[in-house]
file start16.cif (mmCIF, C-alpha atoms (C1' of nucleotides))
data_target
loop_
_atom_site.label_atom_id
_atom_site.label_comp_id
_atom_site.auth_asym_id
_atom_site.auth_seq_id
_atom_site.Cartn_x
_atom_site.Cartn_y
_atom_site.Cartn_z
CA MET A 1 15.31 3.91 23.57
CA SER A 2 14.29 5.07 20.13
CA GLU A 3 16.05 3.76 17.08
CA SER A 4 18.71 5.66 15.23
CA ALA A 5 17.56 7.89 12.42
CA ALA A 6 19.77 6.03 9.98
CA SER A 7 18.15 2.75 10.89
CA ILE A 8 14.69 4.17 10.37
CA LYS A 9 15.67 5.66 7.03
CA SER A 10 17.16 2.39 5.89
CA ARG A 11 13.98 0.56 6.78
CA LYS A 12 11.86 3.07 4.93
CA GLN A 13 13.93 2.50 1.83
CA ARG A 14 13.52 -1.25 2.09
CA ALA A 15 9.83 -0.87 2.79
CA ALA A 16 9.55 1.24 -0.36
CA VAL A 17 10.89 -1.68 -2.40
CA PHE A 18 8.29 -4.00 -0.93
CA LYS A 19 5.53 -1.47 -1.32
CA ALA A 20 6.47 -0.96 -4.94
CA LEU A 21 6.23 -4.70 -5.55
CA GLY A 22 3.01 -4.99 -3.57
CA HIS A 23 0.67 -4.31 -6.44
CA PRO A 24 -0.43 -6.94 -8.95
CA ALA A 25 0.16 -4.71 -11.96
CA ARG A 26 3.65 -3.77 -10.83
CA LEU A 27 4.49 -7.36 -10.00
CA ARG A 28 3.30 -8.30 -13.46
CA ILE A 29 5.63 -5.72 -14.95
CA VAL A 30 8.56 -6.97 -12.92
CA GLU A 31 7.89 -10.55 -13.93
CA GLU A 32 7.91 -9.50 -17.54
CA LEU A 33 11.14 -7.58 -17.13
CA ALA A 34 12.77 -10.57 -15.45
CA ALA A 35 12.82 -12.07 -18.92
CA GLY A 36 14.48 -9.03 -20.44
CA GLU A 37 14.01 -5.34 -21.05
CA ARG A 38 10.81 -3.94 -22.51
CA CYS A 39 9.67 -0.57 -23.75
CA VAL A 40 6.70 1.14 -22.15
CA CYS A 41 4.50 0.48 -25.14
CA GLU A 42 4.95 -3.27 -24.76
CA LEU A 43 4.17 -3.11 -21.06
CA VAL A 44 0.99 -1.15 -21.67
CA ASP A 45 -0.24 -3.93 -23.90
CA MET A 46 0.58 -6.55 -21.29
CA VAL A 47 -0.82 -5.17 -18.09
CA GLY A 48 -4.13 -3.94 -19.48
CA LEU A 49 -4.04 -0.44 -18.00
CA GLY A 50 -3.85 3.01 -19.54
CA TRP A 51 -0.61 4.80 -20.41
CA SER A 52 -0.75 7.11 -17.44
CA ALA A 53 -1.30 4.33 -14.93
CA VAL A 54 1.53 2.22 -16.36
CA SER A 55 3.83 5.21 -16.43
CA ARG A 56 3.22 5.95 -12.80
CA HIS A 57 3.67 2.31 -11.82
CA LEU A 58 7.01 2.36 -13.60
CA ALA A 59 7.95 5.57 -11.81
CA VAL A 60 7.16 3.97 -8.47
CA LEU A 61 9.31 0.96 -9.26
CA LYS A 62 12.15 3.15 -10.49
CA ALA A 63 12.01 5.40 -7.43
CA ALA A 64 12.27 2.33 -5.22
CA GLY A 65 15.33 1.17 -7.17
CA VAL A 66 13.68 -1.93 -8.58
CA LEU A 67 13.95 -0.81 -12.20
CA GLU A 68 16.30 1.21 -14.36
CA ASP A 69 15.25 3.10 -17.44
CA ASP A 70 17.13 3.72 -20.65
CA LYS A 71 15.91 6.27 -23.18
CA ARG A 72 16.73 5.32 -26.76
CA GLY A 73 15.35 7.63 -29.35
CA VAL A 74 11.64 8.01 -28.91
CA GLN A 75 11.23 5.04 -26.66
CA VAL A 76 12.09 4.29 -23.05
CA PHE A 77 13.23 0.81 -22.12
CA TYR A 78 12.97 -0.52 -18.61
CA GLN A 79 14.94 -3.36 -17.07
CA LEU A 80 15.15 -5.08 -13.72
CA ALA A 81 17.80 -3.57 -11.46
CA LEU A 82 17.43 -6.09 -8.64
CA PRO A 83 17.84 -9.67 -9.92
CA CYS A 84 17.19 -11.07 -6.45
CA VAL A 85 13.55 -10.07 -6.82
CA LYS A 86 13.04 -12.96 -9.17
CA SER A 87 14.85 -15.32 -6.84
CA PHE A 88 12.61 -14.19 -4.03
CA THR A 89 9.37 -14.64 -5.93
CA ASP A 90 10.55 -18.11 -6.93
CA CYS A 91 11.10 -18.82 -3.26
CA LEU A 92 7.60 -17.59 -2.43
CA ASP A 93 6.12 -19.91 -5.02
CA ALA A 94 8.07 -22.82 -3.61
CA ALA A 95 6.82 -21.98 -0.13
CA ARG A 96 3.26 -21.72 -1.35
CA LYS A 97 3.53 -25.16 -2.92
CA GLY A 98 4.52 -26.49 0.46
CA GLU A 99 8.08 -27.43 -0.33
CA PRO A 100 10.17 -27.78 2.81
CA VAL A 101 12.52 -24.95 3.62
CA GLU A 102 15.66 -27.01 3.09
CA VAL A 103 14.74 -27.78 -0.50
CA ARG A 104 13.96 -24.25 -1.57
CA ARG A 105 16.51 -22.61 -3.76
CA CYS A 106 15.91 -18.95 -3.08
CA CYS A 107 18.80 -17.62 -5.11
CA ALA A 108 20.33 -18.65 -8.34
CA MET B 1 -5.20 -12.74 -24.85
CA SER B 2 -5.93 -12.31 -21.17
CA GLU B 3 -4.00 -14.28 -18.63
CA SER B 4 -5.29 -17.40 -16.98
CA ALA B 5 -7.25 -16.92 -13.78
CA ALA B 6 -4.81 -19.13 -11.91
CA SER B 7 -1.92 -16.97 -12.96
CA ILE B 8 -3.68 -13.81 -11.81
CA LYS B 9 -4.60 -15.39 -8.49
CA SER B 10 -1.03 -16.52 -7.93
CA ARG B 11 0.25 -13.04 -8.60
CA LYS B 12 -2.23 -11.50 -6.20
CA GLN B 13 -1.01 -13.82 -3.48
CA ARG B 14 2.58 -12.88 -4.12
CA ALA B 15 1.67 -9.21 -4.26
CA ALA B 16 -0.03 -9.60 -0.88
CA VAL B 17 3.27 -10.75 0.60
CA PHE B 18 5.05 -7.71 -0.77
CA LYS B 19 2.28 -5.38 0.29
CA ALA B 20 2.39 -6.80 3.79
CA LEU B 21 6.12 -6.13 3.97
CA GLY B 22 5.74 -2.69 2.42
CA HIS B 23 5.20 -0.81 5.65
CA PRO B 24 7.99 0.34 7.95
CA ALA B 25 6.28 -0.89 11.10
CA ARG B 26 5.62 -4.33 9.62
CA LEU B 27 9.14 -4.57 8.27
CA ARG B 28 10.39 -3.68 11.73
CA ILE B 29 8.33 -6.51 13.17
CA VAL B 30 9.64 -8.98 10.63
CA GLU B 31 13.21 -7.95 11.28
CA GLU B 32 12.68 -8.54 14.95
CA LEU B 33 11.11 -11.93 14.34
CA ALA B 34 14.00 -12.92 12.10
CA ALA B 35 15.99 -13.20 15.32
CA GLY B 36 13.41 -15.41 16.95
CA GLU B 37 9.81 -15.52 18.10
CA ARG B 38 8.26 -12.74 20.14
CA CYS B 39 4.98 -12.22 21.94
CA VAL B 40 2.73 -9.33 20.97
CA CYS B 41 3.55 -7.45 24.15
CA GLU B 42 7.24 -7.34 23.23
CA LEU B 43 6.47 -6.16 19.72
CA VAL B 44 4.26 -3.35 20.99
CA ASP B 45 7.15 -2.03 23.01
CA MET B 46 9.46 -2.18 20.00
CA VAL B 47 7.48 -0.61 17.22
CA GLY B 48 6.08 2.31 19.19
CA LEU B 49 2.45 1.94 18.15
CA GLY B 50 -0.71 1.10 20.07
CA TRP B 51 -1.93 -2.43 20.70
CA SER B 52 -4.65 -2.27 18.11
CA ALA B 53 -2.33 -1.04 15.37
CA VAL B 54 0.27 -3.71 16.11
CA SER B 55 -2.38 -6.38 16.25
CA ARG B 56 -3.70 -5.45 12.84
CA HIS B 57 -0.21 -5.28 11.36
CA LEU B 58 0.38 -8.80 12.66
CA ALA B 59 -2.91 -9.93 11.19
CA VAL B 60 -1.89 -8.54 7.79
CA LEU B 61 1.43 -10.35 7.91
CA LYS B 62 -0.21 -13.57 8.99
CA ALA B 63 -2.87 -13.37 6.29
CA ALA B 64 -0.12 -12.98 3.71
CA GLY B 65 1.63 -16.06 5.05
CA VAL B 66 4.68 -14.19 6.29
CA LEU B 67 4.12 -15.03 9.94
CA GLU B 68 2.70 -17.86 12.01
CA ASP B 69 1.15 -17.46 15.43
CA ASP B 70 1.20 -19.79 18.40
CA LYS B 71 -1.11 -19.21 21.37
CA ARG B 72 0.39 -20.33 24.66
CA GLY B 73 -1.71 -19.59 27.65
CA VAL B 74 -2.56 -15.94 27.78
CA GLN B 75 0.05 -14.88 25.29
CA VAL B 76 0.40 -15.18 21.53
CA PHE B 77 3.83 -15.72 20.02
CA TYR B 78 4.60 -14.87 16.42
CA GLN B 79 7.42 -16.23 14.30
CA LEU B 80 8.66 -15.81 10.76
CA ALA B 81 7.17 -18.36 8.37
CA LEU B 82 9.23 -17.33 5.32
CA PRO B 83 12.96 -17.40 6.10
CA CYS B 84 13.78 -16.18 2.61
CA VAL B 85 12.42 -12.77 3.57
CA LYS B 86 15.53 -12.17 5.61
CA SER B 87 17.74 -13.35 2.77
CA PHE B 88 15.99 -10.96 0.46
CA THR B 89 16.31 -7.94 2.72
CA ASP B 90 19.99 -8.75 3.13
CA CYS B 91 20.27 -8.75 -0.64
CA LEU B 92 18.53 -5.39 -0.84
CA ASP B 93 20.98 -3.93 1.66
CA ALA B 94 23.89 -5.28 -0.37
CA ALA B 95 22.44 -3.75 -3.51
CA ARG B 96 21.93 -0.43 -1.78
CA LYS B 97 25.55 -0.41 -0.68
CA GLY B 98 26.53 -0.81 -4.30
CA GLU B 99 27.97 -4.29 -4.13
CA PRO B 100 28.17 -5.93 -7.54
CA VAL B 101 25.55 -8.52 -8.35
CA GLU B 102 28.01 -11.38 -8.50
CA VAL B 103 29.15 -10.79 -4.95
CA ARG B 104 25.73 -10.64 -3.35
CA ARG B 105 24.75 -13.65 -1.36
CA CYS B 106 20.98 -13.42 -1.48
CA CYS B 107 20.31 -16.72 0.20
CA ALA B 108 21.96 -18.43 3.08
"C1'" DT C 1 9.95 24.55 -38.52
"C1'" DG C 2 6.04 21.66 -37.94
"C1'" DA C 3 3.74 17.43 -37.68
"C1'" DC C 4 4.07 13.06 -35.44
"C1'" DT C 5 5.07 9.55 -31.92
"C1'" DA C 6 6.21 7.98 -27.22
"C1'" DT C 7 6.01 9.08 -22.56
"C1'" DT C 8 5.11 11.68 -18.38
"C1'" DT C 9 2.56 14.95 -15.45
"C1'" DC C 10 -1.76 17.04 -13.79
"C1'" DG C 11 -6.40 17.28 -11.71
"C1'" DC C 12 -10.01 14.74 -10.09
"C1'" DA C 13 -13.04 11.06 -7.97
"C1'" DT C 14 -12.98 6.72 -5.77
"C1'" DT C 15 -11.05 3.36 -3.02
"C1'" DT C 16 -8.00 1.58 0.41
"C1'" DA C 17 -4.78 1.83 4.36
"C1'" DT C 18 -3.59 3.71 8.83
"C1'" DG C 19 -3.90 4.80 13.78
"C1'" DC C 20 -6.43 5.59 17.85
"C1'" DG C 21 -9.60 4.67 21.83
"C1'" DA C 22 -13.34 1.93 23.39
"C1'" DA C 23 -15.33 -2.24 23.61
"C1'" DA C 24 -15.37 -7.30 23.04
"C1'" DC C 25 -13.15 -11.76 23.40
"C1'" DG C 26 -10.66 -15.73 25.44
"C1'" DT C 27 -7.66 -17.65 29.00
"C1'" DT C 28 -5.96 -18.01 33.68
"C1'" DG C 29 -6.22 -18.18 38.66
"C1'" DC C 30 -8.75 -17.22 42.91
"C1'" DG D 1 -18.36 -17.53 38.87
"C1'" DC D 2 -15.63 -13.53 38.65
"C1'" DA D 3 -11.84 -10.52 38.24
"C1'" DA D 4 -7.43 -9.71 35.82
"C1'" DC D 5 -4.57 -9.94 31.96
"C1'" DG D 6 -3.27 -10.21 26.94
"C1'" DT D 7 -5.06 -9.71 22.54
"C1'" DT D 8 -8.30 -8.72 18.87
"C1'" DT D 9 -12.25 -6.32 16.75
"C1'" DC D 10 -15.09 -2.16 15.96
"C1'" DG D 11 -16.11 2.60 14.57
"C1'" DC D 12 -14.35 6.63 13.21
"C1'" DA D 13 -11.32 10.33 11.14
"C1'" DT D 14 -7.42 11.21 8.38
"C1'" DA D 15 -4.01 10.18 4.94
"C1'" DA D 16 -2.38 7.73 0.92
"C1'" DA D 17 -2.83 4.95 -3.38
"C1'" DT D 18 -5.20 4.06 -7.73
"C1'" DG D 19 -6.99 4.86 -12.38
"C1'" DC D 20 -8.60 7.74 -15.91
"C1'" DG D 21 -8.61 11.43 -19.50
"C1'" DA D 22 -6.60 15.70 -20.81
"C1'" DA D 23 -2.72 18.34 -21.19
"C1'" DA D 24 2.28 18.92 -21.25
"C1'" DT D 25 6.97 17.35 -22.54
"C1'" DA D 26 10.60 15.38 -25.40
"C1'" DG D 27 12.62 13.21 -29.38
"C1'" DT D 28 12.45 12.17 -34.53
"C1'" DC D 29 11.82 12.89 -39.24
"C1'" DA D 30 10.20 15.25 -43.41
#
call {"tool": "encode", "arguments": {"input": "start16.cif", "output": "structure tokens"}}
result
Amino acid sequence: MSESAASIKSRKQRAAVFKALGHPARLRIVEELAAGERCVCELVDMVGLGWSAVSRHLAVLKAAGVLEDDKRGVQVFYQLALPCVKSFTDCLDAARKGEPVEVRRCCA
Amino acid sequence: MSESAASIKSRKQRAAVFKALGHPARLRIVEELAAGERCVCELVDMVGLGWSAVSRHLAVLKAAGVLEDDKRGVQVFYQLALPCVKSFTDCLDAARKGEPVEVRRCCA
DNA sequence: TGACTATTTCGCATTTATGCGAAACGTTGC
DNA sequence: GCAACGTTTCGCATAAATGCGAAATAGTCA
């Protein structure tokens, strides 16, 4: 009666996406990147953590497939790889404000 | 230059939703509830954990606003309070399969 | 090459999450 | 009231995440 291994693996991958987004600092980063790509130095200024902490947060998000990185010269630029994340957070905000389900636009 | 307290609070609430979903057992529960409400006893059979562990997972999901509970007699039934969760996981699966962004239907 | 900048990795201490069994709680029916 | 059932809470041990500073890595320019 146990599930298939593939099903379990697939769920772990999805859970990794949620886990990656389940930290205020990482969510902050993702919100920022929803507006466009940023280099690590900019993100460090925004989130108010040290370089090492920000770097590991970015690594977590990248490993989960939420972000993509692009090395250009000395700097590394990160961008959002999953646009539906923003749609989903918008939906959460709508739900929190008490808007009825039918009205919510969860995806652009 | 720090953010407003309201903005930080809002992000923590959203992060709590992601954190709640960021565990394979809880994601399993949510997937099951996407098909309809279930009582705790059914969920215990499905996820393969003890009663206490399942109960606390349900409490985490409820505290984050992902689930709602309904006590009927001796039993407690849980149901999904955020339908867009299912839309989002569907979008993640589409992304993982490599479908182009334009084709993904993230919301029903 | 060698100094300089941007970023990541490492080692550590602290906190938080997880799972289990036992016990407590609330509801139902005798 | 009391016993039975479904569910939650408690206490504990183990595992994982978090943040920091120092050190390591990589790319650029003189």
call {"tool": "residues_near_point", "arguments": {"input": "start16.cif", "point": "(11.1, -14.8, 21.5)", "cutoff": "12 Å", "atoms": "all atoms listed in the file", "output": "ChimeraX atom specification"}}
result
/B:32-43,69-70,75-80
call {"tool": "axis_aligned_box", "arguments": {"input": "start16.cif", "around": "region 2-19 of chain D", "padding_each_side": "3 Å", "output": "JSON"}}
result
{"center_x": -9.2, "center_y": -1.2, "center_z": 13.1, "size_x": 19.7, "size_y": 30.7, "size_z": 57.0}
call {"tool": "residues_around", "arguments": {"input": "start16.cif", "residues": "DT18 (chain D)", "least_positions_apart": "3", "cutoff": "9 Å", "atoms": "all atoms listed in the file", "output": "list in words"}}
result
Ala53 of chain A; DT14, DT15 and DT16 of chain C
call {"tool": "atom_distance", "arguments": {"input": "start16.cif", "atom1": "CA of Lys19 (chain B)", "atom2": "CA of Ser55 (chain B)"}}
result
16.7 Å
call {"tool": "atom_distance", "arguments": {"input": "start16.cif", "atom1": "CA of Ala81 (chain A)", "atom2": "CA of Glu68 (chain A)"}}
result
5.8 Å
call {"tool": "interface_residues", "arguments": {"input": "start16.cif", "of": "chain B", "to": "chain C", "cutoff": "12 Å", "atoms": "all atoms listed in the file", "output": "count of residues only"}}
result
22
call {"tool": "residues_around", "arguments": {"input": "start16.cif", "residues": "Gly65 (chain A)", "least_positions_apart": "5", "cutoff": "12 Å", "atoms": "all atoms listed in the file", "output": "PyMOL selection string"}}
result
(chain A and resi 13-21+58-60+78-83+85) or (chain B and resi 92-93+95-96+98)
call {"tool": "write_last_selection", "arguments": {"input": "start16.cif", "atoms": "C-alpha atoms", "output": "PDB file, in the frame of the given file"}}
result
ATOM      1  CA  GLN A  13      13.930   2.500   1.830  1.00  0.00           C
ATOM      2  CA  ARG A  14      13.520  -1.250   2.090  1.00  0.00           C
ATOM      3  CA  ALA A  15       9.830  -0.870   2.790  1.00  0.00           C
ATOM      4  CA  ALA A  16       9.550   1.240  -0.360  1.00  0.00           C
ATOM      5  CA  VAL A  17      10.890  -1.680  -2.400  1.00  0.00           C
ATOM      6  CA  PHE A  18       8.290  -4.000  -0.930  1.00  0.00           C
ATOM      7  CA  LYS A  19       5.530  -1.470  -1.320  1.00  0.00           C
ATOM      8  CA  ALA A  20       6.470  -0.960  -4.940  1.00  0.00           C
ATOM      9  CA  LEU A  21       6.230  -4.700  -5.550  1.00  0.00           C
ATOM     10  CA  LEU A  58       7.010   2.360 -13.600  1.00  0.00           C
ATOM     11  CA  ALA A  59       7.950   5.570 -11.810  1.00  0.00           C
ATOM     12  CA  VAL A  60       7.160   3.970  -8.470  1.00  0.00           C
ATOM     13  CA  TYR A  78      12.970  -0.520 -18.610  1.00  0.00           C
ATOM     14  CA  GLN A  79      14.940  -3.360 -17.070  1.00  0.00           C
ATOM     15  CA  LEU A  80      15.150  -5.080 -13.720  1.00  0.00           C
ATOM     16  CA  ALA A  81      17.800  -3.570 -11.460  1.00  0.00           C
ATOM     17  CA  LEU A  82      17.430  -6.090  -8.640  1.00  0.00           C
ATOM     18  CA  PRO A  83      17.840  -9.670  -9.920  1.00  0.00           C
ATOM     19  CA  VAL A  85      13.550 -10.070  -6.820  1.00  0.00           C
TER      20      VAL A  85
ATOM     21  CA  LEU B  92      18.530  -5.390  -0.840  1.00  0.00           C
ATOM     22  CA  ASP B  93      20.980  -3.930   1.660  1.00  0.00           C
ATOM     23  CA  ALA B  95      22.440  -3.750  -3.510  1.00  0.00           C
ATOM     24  CA  ARG B  96      21.930  -0.430  -1.780  1.00  0.00           C
ATOM     25  CA  GLY B  98      26.530  -0.810  -4.300  1.00  0.00           C
TER      26      GLY B  98
END
call {"tool": "closest_residue", "arguments": {"input": "start16.cif", "among": "B:Val30, B:Ala6, B:Arg11, B:Val47", "to": "Cys84 (chain B)", "atoms": "all atoms listed in the file"}}
result
B:Val30
call {"tool": "interface_residues", "arguments": {"input": "start16.cif", "of": "chain D", "to": "chain B", "cutoff": "9 Å", "atoms": "all atoms listed in the file", "output": "PyMOL selection string"}}
result
chain D and resi 5-9
call {"tool": "atom_distance", "arguments": {"input": "start16.cif", "atom1": "CA of Val44 (chain B)", "atom2": "CA of Ala64 (chain A)"}}
result
28.0 Å
call {"tool": "closest_residue", "arguments": {"input": "start16.cif", "among": "A:Pro24, A:Lys9, A:Glu3, A:Val66", "to": "chain B", "atoms": "all atoms listed in the file"}}
result
A:Pro24
call {"tool": "closest_residue", "arguments": {"input": "start16.cif", "among": "A:Cys91, A:Lys86, A:Ile29, A:Ser7", "to": "chain B", "atoms": "only C-alpha atoms"}}
result
A:Cys91
call {"tool": "closest_residue", "arguments": {"input": "start16.cif", "among": "A:Lys97, A:Leu67, A:Lys62, A:Phe88", "to": "chain B", "atoms": "only C-alpha atoms"}}
result
A:Phe88
call {"tool": "decode", "arguments": {"input": "start16.cif", "residues": "region 1-34 of chain B", "atoms": "N, CA and C atoms", "output": "mmCIF file, in the first residue's frame"}}
result
data_model
loop_
_atom_site.group_PDB
_atom_site.id
_atom_site.type_symbol
_atom_site.label_atom_id
_atom_site.label_comp_id
_atom_site.auth_asym_id
_atom_site.auth_seq_id
_atom_site.Cartn_x
_atom_site.Cartn_y
_atom_site.Cartn_z
ATOM 1 N N MET B 1 16.143 53.230 6.815
ATOM 2 C CA MET B 1 15.802 52.556 5.575
ATOM 3 C C MET B 1 15.143 51.207 5.819
ATOM 4 N N SER B 2 14.823 50.903 7.087
ATOM 5 C CA SER B 2 14.214 49.600 7.327
ATOM 6 C C SER B 2 12.776 49.596 6.832
ATOM 7 N N GLU B 3 12.294 48.389 6.609
ATOM 8 C CA GLU B 3 10.931 48.249 6.116
ATOM 9 C C GLU B 3 9.918 48.601 7.188
ATOM 10 N N SER B 4 8.691 48.789 6.749
ATOM 11 C CA SER B 4 7.626 49.038 7.711
ATOM 12 C C SER B 4 7.316 47.756 8.464
ATOM 13 N N ALA B 5 6.842 47.921 9.700
ATOM 14 C CA ALA B 5 6.516 46.749 10.506
ATOM 15 C C ALA B 5 5.398 45.938 9.859
ATOM 16 N N ALA B 6 4.450 46.627 9.248
ATOM 17 C CA ALA B 6 3.333 45.928 8.609
ATOM 18 C C ALA B 6 3.824 45.050 7.470
ATOM 19 N N SER B 7 4.780 45.563 6.732
ATOM 20 C CA SER B 7 5.310 44.805 5.614
ATOM 21 C C SER B 7 6.029 43.550 6.097
ATOM 22 N N ILE B 8 6.784 43.693 7.187
ATOM 23 C CA ILE B 8 7.505 42.546 7.734
ATOM 24 C C ILE B 8 6.526 41.508 8.266
ATOM 25 N N LYS B 9 5.487 41.983 8.938
ATOM 26 C CA LYS B 9 4.497 41.063 9.489
ATOM 27 C C LYS B 9 3.802 40.298 8.362
ATOM 28 N N SER B 10 3.433 41.016 7.328
ATOM 29 C CA SER B 10 2.782 40.381 6.190
ATOM 30 C C SER B 10 3.666 39.304 5.584
ATOM 31 N N ARG B 11 4.954 39.602 5.485
ATOM 32 C CA ARG B 11 5.844 38.612 4.892
ATOM 33 C C ARG B 11 5.995 37.395 5.787
ATOM 34 N N LYS B 12 6.022 37.614 7.082
ATOM 35 C CA LYS B 12 6.116 36.469 7.992
ATOM 36 C C LYS B 12 4.899 35.563 7.848
ATOM 37 N N GLN B 13 3.735 36.175 7.677
ATOM 38 C CA GLN B 13 2.535 35.351 7.506
ATOM 39 C C GLN B 13 2.609 34.534 6.223
ATOM 40 N N ARG B 14 3.059 35.174 5.160
ATOM 41 C CA ARG B 14 3.186 34.428 3.910
ATOM 42 C C ARG B 14 4.249 33.347 4.024
ATOM 43 N N ALA B 15 5.348 33.678 4.686
ATOM 44 C CA ALA B 15 6.407 32.678 4.867
ATOM 45 C C ALA B 15 5.894 31.500 5.674
ATOM 46 N N ALA B 16 4.994 31.767 6.623
ATOM 47 C CA ALA B 16 4.445 30.674 7.432
ATOM 48 C C ALA B 16 3.661 29.707 6.559
ATOM 49 N N VAL B 17 2.965 30.221 5.563
ATOM 50 C CA VAL B 17 2.239 29.344 4.636
ATOM 51 C C VAL B 17 3.216 28.453 3.894
ATOM 52 N N PHE B 18 4.278 29.045 3.382
ATOM 53 C CA PHE B 18 5.257 28.248 2.646
ATOM 54 C C PHE B 18 5.942 27.242 3.567
ATOM 55 N N LYS B 19 6.282 27.685 4.753
ATOM 56 C CA LYS B 19 6.960 26.787 5.678
ATOM 57 C C LYS B 19 6.062 25.603 6.017
ATOM 58 N N ALA B 20 4.783 25.891 6.192
ATOM 59 C CA ALA B 20 3.838 24.817 6.511
ATOM 60 C C ALA B 20 3.792 23.795 5.376
ATOM 61 N N LEU B 21 3.877 24.272 4.151
ATOM 62 C CA LEU B 21 3.797 23.366 3.005
ATOM 63 C C LEU B 21 5.145 22.726 2.702
ATOM 64 N N GLY B 22 6.187 23.182 3.359
ATOM 65 C CA GLY B 22 7.536 22.726 3.041
ATOM 66 C C GLY B 22 7.951 21.469 3.774
ATOM 67 N N HIS B 23 7.058 20.548 3.894
ATOM 68 C CA HIS B 23 7.373 19.260 4.529
ATOM 69 C C HIS B 23 6.612 18.170 3.777
ATOM 70 N N PRO B 24 7.321 17.120 3.357
ATOM 71 C CA PRO B 24 6.671 16.107 2.530
ATOM 72 C C PRO B 24 5.377 15.564 3.118
ATOM 73 N N ALA B 25 5.358 15.315 4.410
ATOM 74 C CA ALA B 25 4.142 14.755 5.014
ATOM 75 C C ALA B 25 2.993 15.756 4.930
ATOM 76 N N ARG B 26 3.302 17.036 5.173
ATOM 77 C CA ARG B 26 2.224 18.031 5.126
ATOM 78 C C ARG B 26 1.765 18.259 3.695
ATOM 79 N N LEU B 27 2.693 18.193 2.757
ATOM 80 C CA LEU B 27 2.305 18.356 1.362
ATOM 81 C C LEU B 27 1.434 17.183 0.930
ATOM 82 N N ARG B 28 1.776 16.025 1.433
ATOM 83 C CA ARG B 28 0.956 14.832 1.159
ATOM 84 C C ARG B 28 -0.461 15.032 1.660
ATOM 85 N N ILE B 29 -0.574 15.556 2.860
ATOM 86 C CA ILE B 29 -1.889 15.816 3.444
ATOM 87 C C ILE B 29 -2.671 16.796 2.587
ATOM 88 N N VAL B 30 -2.010 17.855 2.176
ATOM 89 C CA VAL B 30 -2.694 18.885 1.396
ATOM 90 C C VAL B 30 -3.134 18.335 0.047
ATOM 91 N N GLU B 31 -2.288 17.521 -0.555
ATOM 92 C CA GLU B 31 -2.679 16.903 -1.823
ATOM 93 C C GLU B 31 -3.938 16.075 -1.646
ATOM 94 N N GLU B 32 -3.961 15.345 -0.549
ATOM 95 C CA GLU B 32 -5.125 14.494 -0.301
ATOM 96 C C GLU B 32 -6.365 15.342 -0.096
ATOM 97 N N LEU B 33 -6.215 16.431 0.626
ATOM 98 C CA LEU B 33 -7.369 17.278 0.917
ATOM 99 C C LEU B 33 -7.813 18.076 -0.303
ATOM 100 N N ALA B 34 -6.933 18.192 -1.289
ATOM 101 C CA ALA B 34 -7.328 18.889 -2.515
ATOM 102 C C ALA B 34 -8.454 18.125 -3.205
#
